[in-house]
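All remarks here apply to the structure that follows.
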Amino acid sequence: MIQKPRADARRITRRGILRLGLGAGAALAFAGIGEGIAASFGARDRIAGVRRFQLPFVTPEVLAPTSADATTDYYDITQMAAPLELVPGLRTWVWGYNGTFPGPTIRARTNRRVVVRHVNALPEAVSVHLHGGVQPPESDGYPTDLIPPRGTKEYVYPNVHRAATLFYHDHAMDMTGPHIYKGLSGLYLLQDEVEDRLPLPKGEFDVPIVIQDRSFLTDGSFALRANNPGDVFAETGSTILVNGVPWPRFQVAAKRYRLRLVNASNTSSYRIALSSREPLVQIATDGGLLDRPVRVDSIVLGPAERAEVVVDFGGQALGATVDLEDRLGTGDRDRLLRFEVVRRAEEDSQVPSVLAPTERLAESAAGATRSWLFRPTPRPTFPPFTWTINGRSFDPSVLDAEVPMDSVEIWRFENRTLGIGPVAAQEHPVHVHLVNFLVLDRDGRPPAPYESGWKDTVLVGVGETVRVIARFGPFPGKFVMHCHNLAHEDHSMMANFTVV
Ligand SMILES: [Cu+2]
């Protein structure tokens, strides 16, 4: 029964809260609960221990179209519960696209339409958002545009965007966090002719690295806290999964690999680096290829951010190991996966010095600047605050901005704390639907090299102000922008804008 894990999780949460104590005044006590619960997961024997680097690396299956015609590929996906052995010897009930975790990968081509028909065989209403996709509002997965249980909806993706690593995931009102934690996300790889012509690693040497953290109870179920006040803070886990496998070992050839790094975690950010201390050669951001590769020591990926890198194992001896590290992670979480160099292979790839032409937008092209304030707002009920944008909780009926079609705007994201302890000091990964943007500056300083390309999500650190620039269009209608820490998004750091 899929409801059982939630009952168990509730019990753990309550005990966690009791152990921390609530006698120190609601606000201060509450300030510690989120961190305390997250930390207590790893320390409790009810959480399953998972050994690192035991299981083979896998990539999610690629979904075959059900049918195709001159303009369109048609896909069918059933959202369903399924028992999977994610941890050896344990059974985990996931909510998966076609019952898999992560969901199947859709491969799409720029300017060729994709239609995905979703059947909801889950007990709760769902909505599907293609993250980073440029699609009209009726196919964008608006939070209240729900597919009820036993319902069906067709999403039409025009694929007018350049090549990029996108992903599709649940976006149901107030329930996105729990739904994604249970498994509702999958890759959508958009490819085009510019990318085809580049001599980058291809085929089996072009691999997705979908990073998620989860905790498992000893009965195998996800240690997902129920939709309770604790969710205001974080949905994290003690186990790192890559493509659904705990800390896999990836047996590689001694040559170049293209790694598509995707942070599909609910709350966690990662600073990704190689244990060999070699730099990462980054070739793409959220919105696709950079104009030129950049060499970086590490890449910070907040929730929903992506980066693509080329790693060359050509200089490694057979038998050597290189780990992908998370330099923000502690304990077992300091590693994401292990590469083991096991064979020689002919090198047929390069990283060219010029990748893809990248349009830039000049600040002088902007017709307007809008400011968006991300902060907790106090309220009289428990928990004593909620996450807000410009002081407002998300309301589907309230319009927060009206943007003229095809206009260029500068959006200014400011992360301000409430001053009641660590609870108020959280970063916000800000995601804008419909558009890609360029980061202009972070507290007045130029963006880091690893975020210098087109993006759809940007991490706004504690106390920071980040300015981005975007052209709004080509589809009119109502879209959302929100924090992609799913605990914040669900409670209720989201706003509406229309393109008119
Ligand atoms: Cu946030």
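Going by the structure tokens order, chains are called A, B, ..., each with residues numbered from 1, while ligands are numbered from 1 in the order shown.
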
**OP:** Could you please extract the residues within 10 Å of ligand 1, counting only C-alpha atoms and all ligand atoms, and hand them back as a ChimeraX atom specification?
**Re:** /A:232-234,267,303,374-376,387-389,415,425-430,459-461,482-494

Original post:
Where does DSSP see strand (DSSP E) in segment 230-398 of chain A, if you list the residues as a ChimeraX atom specification?
Top reply: /A:239-242,245-246,249-253,256-263,270-274,280-285,288-296,299-301,306-312,321-326,335-343,368-378,385-389

**OP:** Tell me which protein, DNA and RNA residues are within 8 Å of Ala163 of chain A, counting only C-alpha atoms, leaving out same-chain ones fewer than 5 positions away, and put them as a list in words.
**Re:** Arg109, Thr110, Leu189, Leu190, Gln191, Asp192, Glu195, Gly287, Gly288 and Leu289 of chain A

Atoms to include: all heavy atoms. Write the selected residues as a compact mmCIF listing (two decimals), in the first residue's frame.
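Done, and the output landed in result25.txt:
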# COMPACT_ATOMS: atom_id res chain seq x y z
N ARG A 109 13.31 16.85 -31.41
CA ARG A 109 14.09 17.66 -32.34
C ARG A 109 13.49 19.07 -32.40
O ARG A 109 12.26 19.22 -32.42
CB ARG A 109 14.05 17.07 -33.76
CG ARG A 109 14.60 15.67 -33.90
CD ARG A 109 16.10 15.61 -33.86
NE ARG A 109 16.77 16.48 -34.83
CZ ARG A 109 18.10 16.53 -34.96
NH1 ARG A 109 18.88 15.79 -34.19
NH2 ARG A 109 18.64 17.34 -35.84
N THR A 110 14.36 20.05 -32.45
CA THR A 110 13.89 21.43 -32.61
C THR A 110 13.03 21.55 -33.87
O THR A 110 13.37 21.00 -34.92
CB THR A 110 15.11 22.37 -32.69
OG1 THR A 110 15.78 22.32 -31.45
CG2 THR A 110 14.67 23.81 -32.97
N LEU A 189 15.28 15.44 -23.89
CA LEU A 189 16.49 15.92 -24.55
C LEU A 189 16.12 16.48 -25.91
O LEU A 189 15.69 15.75 -26.80
CB LEU A 189 17.52 14.79 -24.70
CG LEU A 189 17.89 14.08 -23.39
CD1 LEU A 189 18.94 13.00 -23.64
CD2 LEU A 189 18.39 15.07 -22.34
N LEU A 190 16.29 17.79 -26.03
CA LEU A 190 15.97 18.48 -27.28
C LEU A 190 17.27 18.63 -28.07
O LEU A 190 18.28 19.08 -27.53
CB LEU A 190 15.36 19.85 -26.95
CG LEU A 190 14.82 20.69 -28.09
CD1 LEU A 190 13.81 19.91 -28.94
CD2 LEU A 190 14.15 21.94 -27.52
N GLN A 191 17.25 18.19 -29.32
CA GLN A 191 18.46 18.20 -30.14
C GLN A 191 18.21 18.99 -31.42
O GLN A 191 17.08 19.08 -31.89
CB GLN A 191 18.86 16.75 -30.45
CG GLN A 191 19.22 16.02 -29.16
CD GLN A 191 19.34 14.52 -29.31
OE1 GLN A 191 18.38 13.86 -29.67
NE2 GLN A 191 20.52 14.00 -29.04
N ASP A 192 19.29 19.57 -31.98
CA ASP A 192 19.13 20.32 -33.23
C ASP A 192 20.35 20.11 -34.13
O ASP A 192 21.32 19.43 -33.75
CB ASP A 192 18.85 21.80 -32.95
CG ASP A 192 20.02 22.53 -32.33
OD1 ASP A 192 21.15 21.99 -32.30
OD2 ASP A 192 19.82 23.67 -31.85
N GLU A 195 23.91 21.34 -32.96
CA GLU A 195 24.56 20.40 -32.06
C GLU A 195 25.04 19.15 -32.82
O GLU A 195 26.14 18.65 -32.58
CB GLU A 195 23.55 19.99 -30.97
CG GLU A 195 24.12 19.04 -29.95
CD GLU A 195 23.04 18.53 -28.99
OE1 GLU A 195 21.99 18.07 -29.48
OE2 GLU A 195 23.25 18.62 -27.78
N GLY A 287 19.84 26.37 -20.74
CA GLY A 287 19.23 26.70 -22.03
C GLY A 287 20.01 26.20 -23.23
O GLY A 287 19.69 26.56 -24.35
N GLY A 288 21.02 25.36 -23.03
CA GLY A 288 21.73 24.76 -24.15
C GLY A 288 23.18 25.20 -24.23
O GLY A 288 23.75 25.75 -23.27
N LEU A 289 23.79 24.95 -25.39
CA LEU A 289 25.23 25.11 -25.56
C LEU A 289 25.68 26.56 -25.33
O LEU A 289 24.99 27.52 -25.71
CB LEU A 289 25.63 24.67 -26.97
CG LEU A 289 25.52 23.16 -27.23
CD1 LEU A 289 25.61 22.88 -28.73
CD2 LEU A 289 26.60 22.40 -26.47

Original post:
Leaving out segment 102-106 of chain A and any residue of its chain fewer than 3 positions from it, which residues lie within 8 Å of it when counting only C-alpha atoms, given as a ChimeraX atom specification?
Top reply: /A:60-64,96-99,183-189,243-244

Report as a tab-separated table: every residue of segment 134-199 of chain A with an atom at most 7 Å from segment 464-481 of chain A, its closest pair of atoms, and their distance in Å to one decimal, counting only C-alpha atoms, with rows sorted by chain and ascending residue number.
residue	atom	partner	partner_atom	distance
A:Gln135	CA	A:Phe475	CA	7.0
A:Pro136	CA	A:Phe475	CA	5.3
A:Pro137	CA	A:Gly477	CA	6.0

Subject >> Shortest interatomic distance to Gly319 of chain A - which of A:Glu340, A:Glu278, A:Glu451, A:Glu85, counting only C-alpha atoms >> reply: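 Smallest separation from Gly319 of chain A among the options: A:Glu340.
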
Subject >> Pairwise distance for atom CA of Leu84 of chain A and atom CA of Ala223 of chain A, rounded to one decimal in Å >> reply: 15.2 Å

Subject >> Residue contacts of Pro201 of chain A (6 Å, only C-alpha atoms) excluding same-chain residues fewer than 3 positions away, as a PyMOL selection string >> reply: chain A and resi 205-206+257-258+349
